[in-house]
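Participant: Contents are mmCIF, C-alpha atoms; file name upload23.cif:
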data_structure
#
loop_
_atom_site.label_atom_id
_atom_site.label_comp_id
_atom_site.auth_asym_id
_atom_site.auth_seq_id
_atom_site.Cartn_x
_atom_site.Cartn_y
_atom_site.Cartn_z
CA MET A 1 -8.90 -3.84 8.37
CA ILE A 2 -5.26 -3.27 7.44
CA GLN A 3 -4.16 -3.91 10.99
CA GLU A 4 -6.17 -7.15 11.06
CA TRP A 5 -4.63 -8.33 7.79
CA PHE A 6 -1.18 -7.44 9.06
CA LEU A 7 -1.64 -9.60 12.13
CA LYS A 8 -3.11 -12.48 10.13
CA GLY A 9 -0.10 -12.41 7.79
CA GLY A 10 2.14 -13.90 10.43
CA PHE A 11 5.60 -13.15 11.74
CA MET A 12 7.13 -12.41 8.29
CA MET A 13 5.04 -9.24 8.07
CA TRP A 14 7.36 -7.58 10.57
CA PRO A 15 10.58 -7.80 8.54
CA ILE A 16 8.61 -6.73 5.46
CA LEU A 17 7.38 -3.73 7.41
CA LEU A 18 10.96 -2.95 8.43
CA CYS A 19 12.03 -3.09 4.77
CA SER A 20 9.27 -0.66 3.85
CA VAL A 21 10.30 1.81 6.55
CA VAL A 22 13.98 1.67 5.54
CA GLY A 23 13.10 1.94 1.85
CA ILE A 24 10.90 5.00 2.39
CA ALA A 25 13.62 6.68 4.45
CA VAL A 26 16.33 6.04 1.85
CA ILE A 27 14.15 7.13 -1.08
CA ALA A 28 13.16 10.32 0.75
CA ASP A 29 16.83 11.04 1.51
CA ARG A 30 17.81 10.58 -2.14
CA ILE A 31 14.96 12.75 -3.40
CA PHE A 32 15.95 15.53 -1.00
CA ALA A 33 19.63 15.30 -1.95
CA HIS A 34 18.87 15.31 -5.68
CA SER A 35 16.49 18.26 -5.37
CA ARG A 36 19.26 20.28 -3.72
CA SER A 37 21.59 19.40 -6.61
CA PHE A 38 19.32 20.67 -9.37
CA VAL A 39 20.70 23.15 -11.88
CA ALA A 40 19.32 24.56 -15.15
CA TYR A 41 21.84 22.82 -17.39
CA ASP A 42 21.72 24.99 -20.54
CA ARG A 43 21.87 28.22 -18.58
CA PHE A 44 24.68 26.80 -16.45
CA LEU A 45 26.74 25.92 -19.55
CA THR A 46 26.32 29.46 -20.90
CA ARG A 47 27.59 30.99 -17.66
CA VAL A 48 30.56 28.61 -17.47
CA LYS A 49 31.57 29.32 -21.07
CA ALA A 50 31.42 33.06 -20.46
CA LEU A 51 33.41 32.66 -17.25
CA TYR A 52 36.11 30.58 -18.90
CA ARG A 53 36.34 33.01 -21.82
CA ASP A 54 36.41 36.27 -19.86
CA GLU A 55 38.09 35.51 -16.53
CA PRO A 56 41.75 34.64 -15.80
CA LEU A 57 42.71 30.98 -15.74
CA GLY A 58 42.21 29.33 -12.38
CA THR A 59 39.30 31.59 -11.38
CA VAL A 60 36.46 29.76 -9.60
CA PRO A 61 33.72 32.22 -8.56
CA ASP A 62 31.71 31.86 -5.38
CA TRP A 63 28.44 31.22 -7.22
CA LEU A 64 29.98 28.14 -8.84
CA ARG A 65 31.41 26.84 -5.55
CA ARG A 66 28.00 27.12 -3.91
CA LEU A 67 26.26 24.92 -6.45
CA ARG A 68 25.85 21.27 -5.41
CA ALA A 69 25.09 19.89 -8.86
CA PRO A 70 27.61 17.35 -10.20
CA GLU A 71 28.05 19.44 -13.35
CA ALA A 72 29.00 22.46 -11.25
CA ARG A 73 31.40 20.51 -9.03
CA ILE A 74 33.29 19.04 -11.99
CA ALA A 75 33.40 22.45 -13.72
CA ALA A 76 34.83 24.04 -10.57
CA VAL A 77 37.60 21.44 -10.45
CA TYR A 78 38.39 21.97 -14.13
CA LEU A 79 38.58 25.75 -13.75
CA HIS A 80 40.74 25.42 -10.64
CA TYR A 81 43.24 23.19 -12.46
CA ALA A 82 43.00 24.98 -15.81
CA PRO A 83 46.44 26.66 -15.56
CA VAL A 84 48.31 23.42 -14.78
CA ASP A 85 49.42 20.51 -16.94
CA ALA A 86 46.67 18.55 -18.70
CA GLU A 87 47.73 15.24 -17.15
CA LEU A 88 47.48 16.60 -13.61
CA ARG A 89 44.14 18.23 -14.42
CA ASN A 90 42.71 15.00 -15.84
CA GLU A 91 43.80 13.07 -12.76
CA ALA A 92 42.05 15.60 -10.52
CA LEU A 93 38.93 15.37 -12.69
CA ARG A 94 38.88 11.55 -12.50
CA ARG A 95 39.25 11.65 -8.74
CA GLU A 96 36.50 14.23 -8.30
CA GLY A 97 34.24 12.45 -10.79
CA ASP A 98 34.49 9.20 -8.83
CA ARG A 99 33.70 11.05 -5.62
CA ILE A 100 30.70 12.81 -7.18
CA LEU A 101 29.19 9.62 -8.57
CA ALA A 102 29.73 7.84 -5.25
CA ASP A 103 27.85 10.63 -3.46
CA TRP A 104 25.11 10.64 -6.09
CA ASN A 105 24.55 6.87 -5.93
CA ARG A 106 24.80 6.63 -2.15
CA HIS A 107 22.44 4.10 -0.52
CA LEU A 108 21.17 2.79 -3.87
CA LYS A 109 22.36 -0.69 -2.92
CA ILE A 110 19.98 -0.59 0.02
CA ILE A 111 17.04 0.12 -2.29
CA PHE A 112 18.18 -2.63 -4.65
CA SER A 113 18.49 -5.11 -1.79
CA ILE A 114 15.00 -4.28 -0.54
CA ALA A 115 13.61 -4.76 -4.03
CA GLN A 116 15.16 -8.23 -4.12
CA VAL A 117 14.57 -9.38 -0.54
CA ALA A 118 11.00 -8.17 0.09
CA PRO A 119 9.35 -10.56 -2.42
CA LEU A 120 11.41 -13.45 -1.06
CA MET A 121 10.27 -12.62 2.46
CA GLY A 122 6.70 -12.57 1.24
CA LEU A 123 7.12 -15.90 -0.49
CA LEU A 124 8.69 -17.41 2.61
CA GLY A 125 5.78 -16.20 4.72
CA THR A 126 3.31 -17.64 2.23
CA VAL A 127 5.00 -21.03 2.14
CA PHE A 128 5.17 -21.14 5.91
CA GLY A 129 1.51 -20.16 6.14
CA LEU A 130 0.52 -22.89 3.68
CA VAL A 131 2.46 -25.43 5.69
CA VAL A 132 0.56 -24.42 8.83
CA ALA A 133 -2.76 -24.41 6.98
CA PHE A 134 -2.33 -27.90 5.55
CA TYR A 135 -1.08 -29.16 8.89
CA ASN A 136 -4.27 -27.90 10.51
CA ILE A 137 -6.30 -29.55 7.77
CA GLU A 138 -4.54 -32.83 8.42
CA THR A 139 -5.24 -32.64 12.14
CA LEU A 140 -8.93 -32.15 11.42
CA GLY A 141 -9.02 -35.45 9.50
CA GLY A 142 -12.08 -35.75 7.33
CA ARG A 143 -13.95 -32.94 9.05
CA VAL A 144 -12.54 -30.21 6.77
CA ARG A 145 -14.86 -27.44 5.66
CA PRO A 146 -14.24 -25.30 2.54
CA ASP A 147 -13.96 -22.13 4.62
CA ASP A 148 -11.17 -23.70 6.67
CA LEU A 149 -9.13 -24.32 3.52
CA ALA A 150 -9.87 -20.96 1.93
CA GLY A 151 -9.19 -19.04 5.13
CA GLY A 152 -5.80 -20.62 5.67
CA ILE A 153 -4.72 -20.00 2.06
CA TRP A 154 -5.70 -16.34 1.83
CA GLU A 155 -4.04 -15.59 5.13
CA ALA A 156 -0.86 -17.24 3.88
CA LEU A 157 -0.94 -15.17 0.67
CA LEU A 158 -0.99 -11.90 2.60
CA THR A 159 2.79 -11.89 3.03
CA THR A 160 3.32 -12.29 -0.72
CA VAL A 161 1.07 -9.30 -1.35
CA ALA A 162 2.91 -7.26 1.28
CA GLY A 163 6.32 -8.19 -0.16
CA LEU A 164 5.27 -7.12 -3.67
CA ILE A 165 3.80 -3.86 -2.38
CA VAL A 166 7.20 -3.03 -0.88
CA ALA A 167 9.32 -4.35 -3.76
CA ILE A 168 7.60 -2.70 -6.73
CA PRO A 169 8.16 0.94 -5.59
CA ALA A 170 11.71 0.02 -4.60
CA VAL A 171 12.43 -1.30 -8.11
CA LEU A 172 10.97 1.83 -9.72
CA ALA A 173 12.94 4.12 -7.41
CA TYR A 174 16.17 2.23 -8.06
CA GLN A 175 15.71 2.43 -11.83
CA TYR A 176 14.95 6.15 -11.62
CA PHE A 177 17.99 6.97 -9.50
CA GLN A 178 20.19 4.83 -11.73
CA SER A 179 19.01 6.66 -14.84
CA THR A 180 19.58 10.07 -13.24
CA GLY A 181 23.08 9.01 -12.20
CA GLU A 182 23.87 7.97 -15.78
CA ARG A 183 22.51 11.28 -17.08
CA LYS A 184 24.66 13.22 -14.61
CA ALA A 185 27.73 11.24 -15.67
CA ARG A 186 27.07 12.09 -19.33
CA ARG A 187 26.64 15.76 -18.49
CA MET A 188 29.89 15.84 -16.53
CA LYS A 189 31.70 14.34 -19.51
CA GLU A 190 30.08 16.93 -21.74
CA VAL A 191 31.21 19.78 -19.48
CA ILE A 192 34.78 18.48 -19.51
CA SER A 193 34.68 18.04 -23.29
CA ILE A 194 33.41 21.58 -23.85
CA LEU A 195 36.07 23.09 -21.60
CA ASP A 196 38.75 20.98 -23.29
CA GLU A 197 37.64 22.30 -26.68
CA MET A 198 37.73 25.87 -25.40
CA THR A 199 41.19 25.29 -23.94
CA LEU A 200 42.55 23.86 -27.19
CA ALA A 201 40.95 26.59 -29.28
CA GLY A 202 42.36 29.26 -26.97
CA ILE A 203 45.88 27.86 -27.14
CA VAL A 204 45.78 27.61 -30.94
CA THR A 205 44.47 31.14 -31.41
CA GLY A 206 46.57 32.59 -28.62
CA GLU A 207 43.55 33.79 -26.67
CA ARG A 208 44.03 31.20 -23.93
CA GLY A 209 47.04 29.42 -22.50
CA ARG A 210 49.61 29.80 -19.82
CA GLY A 211 50.16 33.48 -19.29
CA ASP A 212 47.31 34.22 -21.72
CA SER A 213 49.85 34.87 -24.43
CA PRO A 214 50.11 33.28 -27.89
CA PRO A 215 52.90 30.79 -28.53
CA PRO A 216 56.09 32.25 -30.05
CA VAL A 217 56.49 32.11 -33.82
CA ARG A 218 59.50 30.07 -34.92
CA GLU A 219 61.56 31.37 -37.83
CA VAL A 220 62.04 29.13 -40.83
CA SER A 221 65.69 28.69 -41.80
CA GLY A 222 66.54 30.17 -45.18
CA ALA A 223 63.51 32.47 -45.27
CA PRO A 224 64.35 36.11 -46.14
CA LYS A 225 64.10 38.54 -43.28
CA PRO A 226 61.94 41.62 -43.79
CA GLU A 227 63.86 44.78 -44.49
CA LYS A 228 63.74 47.59 -42.01
CA PRO A 229 62.09 50.75 -43.26
CA ARG A 230 64.59 53.46 -44.22
CA GLY A 231 63.98 56.72 -42.52
#
Kindly transcribe the structure held in the file into structure tokens.
Facilitator:
Amino acid sequence: MIQEWFLKGGFMMWPILLCSVVGIAVIADRIFAHSRSFVAYDRFLTRVKALYRDEPLGTVPDWLRRLRAPEARIAAVYLHYAPVDAELRNEALRREGDRILADWNRHLKIIFSIAQVAPLMGLLGTVFGLVVAFYNIETLGGRVRPDDLAGGIWEALLTTVAGLIVAIPAVLAYQYFQSTGERKARRMKEVISILDEMTLAGIVTGERGRGDSPPPVREVSGAPKPEKPRG
């Protein structure tokens, strides 16, 4: 029955079918890529904090390099540039963050385009089918039967149904991938903020900083110097 309806829908069913095939392929690709980039976020933060606190500056372990999650990639860049100047580190983080989000949102424009174009294709097919149906009715003159009119209309509406069937999942998939991309961006900012706080706290307390040594204490002019013990 589906094959019969497809053929009755007319020539616009073919581009709608092409949109469905492309949309399914892109959605499957994004689901596979996102599943490979999963990471238990709270546990990941705990490990990164311990690593930053206990290991020398600039250390990026192999387990962190192997993770594909955006949070792990941005943390690896931060740890790699931790010993250098903050301005250079922030520039590297911005560059890597743009690259990560571009990879994460890859092909989403295709899904968005399918969600917009598929209903229009269906509407075009319906309008064209109605034109043909009413033309056939006109050629029949006054010998029009109700089944002739109903049959031409429902066949014309098939393309609209097909276009909506393709567009609705595409819209839902696009919204889902957009929301996950926004969540990943927030998490990357949170990772950077946490590491910045740990860096600042380490420099102030002398536990972290260049050379892992506290900043020198400056003498105040006019302050009495401590006396040396007499032995």
Participant: For the structure provided, state which residues fall under the PyMOL selection byres ((chain A and resi 118) around 12), and present them as number ranges by chain.
Facilitator: A: 12-23, 110-117, 119-125, 159-171
Participant: Would you mind exporting C-alpha atoms of the selected residues as a short mmCIF file (atom, residue, chain, number, x, y, z; two decimals), keeping the file's coordinate frame?
Facilitator:
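The result, written out as again14.cif:
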data_model
loop_
_atom_site.label_atom_id
_atom_site.label_comp_id
_atom_site.auth_asym_id
_atom_site.auth_seq_id
_atom_site.Cartn_x
_atom_site.Cartn_y
_atom_site.Cartn_z
CA MET A 12 7.13 -12.41 8.29
CA MET A 13 5.04 -9.24 8.07
CA TRP A 14 7.36 -7.58 10.57
CA PRO A 15 10.58 -7.80 8.54
CA ILE A 16 8.61 -6.73 5.46
CA LEU A 17 7.38 -3.73 7.41
CA LEU A 18 10.96 -2.95 8.43
CA CYS A 19 12.03 -3.09 4.77
CA SER A 20 9.27 -0.66 3.85
CA VAL A 21 10.30 1.81 6.55
CA VAL A 22 13.98 1.67 5.54
CA GLY A 23 13.10 1.94 1.85
CA ILE A 110 19.98 -0.59 0.02
CA ILE A 111 17.04 0.12 -2.29
CA PHE A 112 18.18 -2.63 -4.65
CA SER A 113 18.49 -5.11 -1.79
CA ILE A 114 15.00 -4.28 -0.54
CA ALA A 115 13.61 -4.76 -4.03
CA GLN A 116 15.16 -8.23 -4.12
CA VAL A 117 14.57 -9.38 -0.54
CA PRO A 119 9.35 -10.56 -2.42
CA LEU A 120 11.41 -13.45 -1.06
CA MET A 121 10.27 -12.62 2.46
CA GLY A 122 6.70 -12.57 1.24
CA LEU A 123 7.12 -15.90 -0.49
CA LEU A 124 8.69 -17.41 2.61
CA GLY A 125 5.78 -16.20 4.72
CA THR A 159 2.79 -11.89 3.03
CA THR A 160 3.32 -12.29 -0.72
CA VAL A 161 1.07 -9.30 -1.35
CA ALA A 162 2.91 -7.26 1.28
CA GLY A 163 6.32 -8.19 -0.16
CA LEU A 164 5.27 -7.12 -3.67
CA ILE A 165 3.80 -3.86 -2.38
CA VAL A 166 7.20 -3.03 -0.88
CA ALA A 167 9.32 -4.35 -3.76
CA ILE A 168 7.60 -2.70 -6.73
CA PRO A 169 8.16 0.94 -5.59
CA ALA A 170 11.71 0.02 -4.60
CA VAL A 171 12.43 -1.30 -8.11
#
Participant: So the first atom is atom CA of A:Trp5 and the second is atom CA of A:Ala25; what is the distance between them in Å, to one decimal place?
Facilitator: 23.9 Å
Participant: Would you translate the PyMOL selection byres ((chain A and resi 73-90) around 10) into the concrete set of residues it matches in this file, as a PyMOL selection string?
Facilitator: chain A and resi 45+48+51-52+56-62+64-72+91-97+100+187-189+191-192+195-196+199+208-212
Participant: Residues of the last selection are to be written out with C-alpha atoms, as an mmCIF file, keeping the file's coordinate frame.
Facilitator:
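Listing of out_3.cif after writing:
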data_model
loop_
_atom_site.group_PDB
_atom_site.id
_atom_site.type_symbol
_atom_site.label_atom_id
_atom_site.label_comp_id
_atom_site.auth_asym_id
_atom_site.auth_seq_id
_atom_site.Cartn_x
_atom_site.Cartn_y
_atom_site.Cartn_z
ATOM 1 C CA LEU A 45 26.740 25.920 -19.550
ATOM 2 C CA VAL A 48 30.560 28.610 -17.470
ATOM 3 C CA LEU A 51 33.410 32.660 -17.250
ATOM 4 C CA TYR A 52 36.110 30.580 -18.900
ATOM 5 C CA PRO A 56 41.750 34.640 -15.800
ATOM 6 C CA LEU A 57 42.710 30.980 -15.740
ATOM 7 C CA GLY A 58 42.210 29.330 -12.380
ATOM 8 C CA THR A 59 39.300 31.590 -11.380
ATOM 9 C CA VAL A 60 36.460 29.760 -9.600
ATOM 10 C CA PRO A 61 33.720 32.220 -8.560
ATOM 11 C CA ASP A 62 31.710 31.860 -5.380
ATOM 12 C CA LEU A 64 29.980 28.140 -8.840
ATOM 13 C CA ARG A 65 31.410 26.840 -5.550
ATOM 14 C CA ARG A 66 28.000 27.120 -3.910
ATOM 15 C CA LEU A 67 26.260 24.920 -6.450
ATOM 16 C CA ARG A 68 25.850 21.270 -5.410
ATOM 17 C CA ALA A 69 25.090 19.890 -8.860
ATOM 18 C CA PRO A 70 27.610 17.350 -10.200
ATOM 19 C CA GLU A 71 28.050 19.440 -13.350
ATOM 20 C CA ALA A 72 29.000 22.460 -11.250
ATOM 21 C CA GLU A 91 43.800 13.070 -12.760
ATOM 22 C CA ALA A 92 42.050 15.600 -10.520
ATOM 23 C CA LEU A 93 38.930 15.370 -12.690
ATOM 24 C CA ARG A 94 38.880 11.550 -12.500
ATOM 25 C CA ARG A 95 39.250 11.650 -8.740
ATOM 26 C CA GLU A 96 36.500 14.230 -8.300
ATOM 27 C CA GLY A 97 34.240 12.450 -10.790
ATOM 28 C CA ILE A 100 30.700 12.810 -7.180
ATOM 29 C CA ARG A 187 26.640 15.760 -18.490
ATOM 30 C CA MET A 188 29.890 15.840 -16.530
ATOM 31 C CA LYS A 189 31.700 14.340 -19.510
ATOM 32 C CA VAL A 191 31.210 19.780 -19.480
ATOM 33 C CA ILE A 192 34.780 18.480 -19.510
ATOM 34 C CA LEU A 195 36.070 23.090 -21.600
ATOM 35 C CA ASP A 196 38.750 20.980 -23.290
ATOM 36 C CA THR A 199 41.190 25.290 -23.940
ATOM 37 C CA ARG A 208 44.030 31.200 -23.930
ATOM 38 C CA GLY A 209 47.040 29.420 -22.500
ATOM 39 C CA ARG A 210 49.610 29.800 -19.820
ATOM 40 C CA GLY A 211 50.160 33.480 -19.290
ATOM 41 C CA ASP A 212 47.310 34.220 -21.720
#
Participant: Separation of atom CA of A:Asn105 and atom CA of A:Ile31, in Å?
Facilitator: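 Between these atoms lies a distance of 11.5 Å.
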Participant: Between atom CA of A:Tyr135 and atom CA of A:Gln3, what is the distance, to one decimal in Å?
Facilitator: 25.5 Å
Participant: Could you check the closest approach to A:Phe6 for each of A:Asp29, A:Glu55, A:Asp42, A:Glu155 and tell me which residue wins, using only C-alpha atoms?
Facilitator: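 Closest candidate: A:Glu155.
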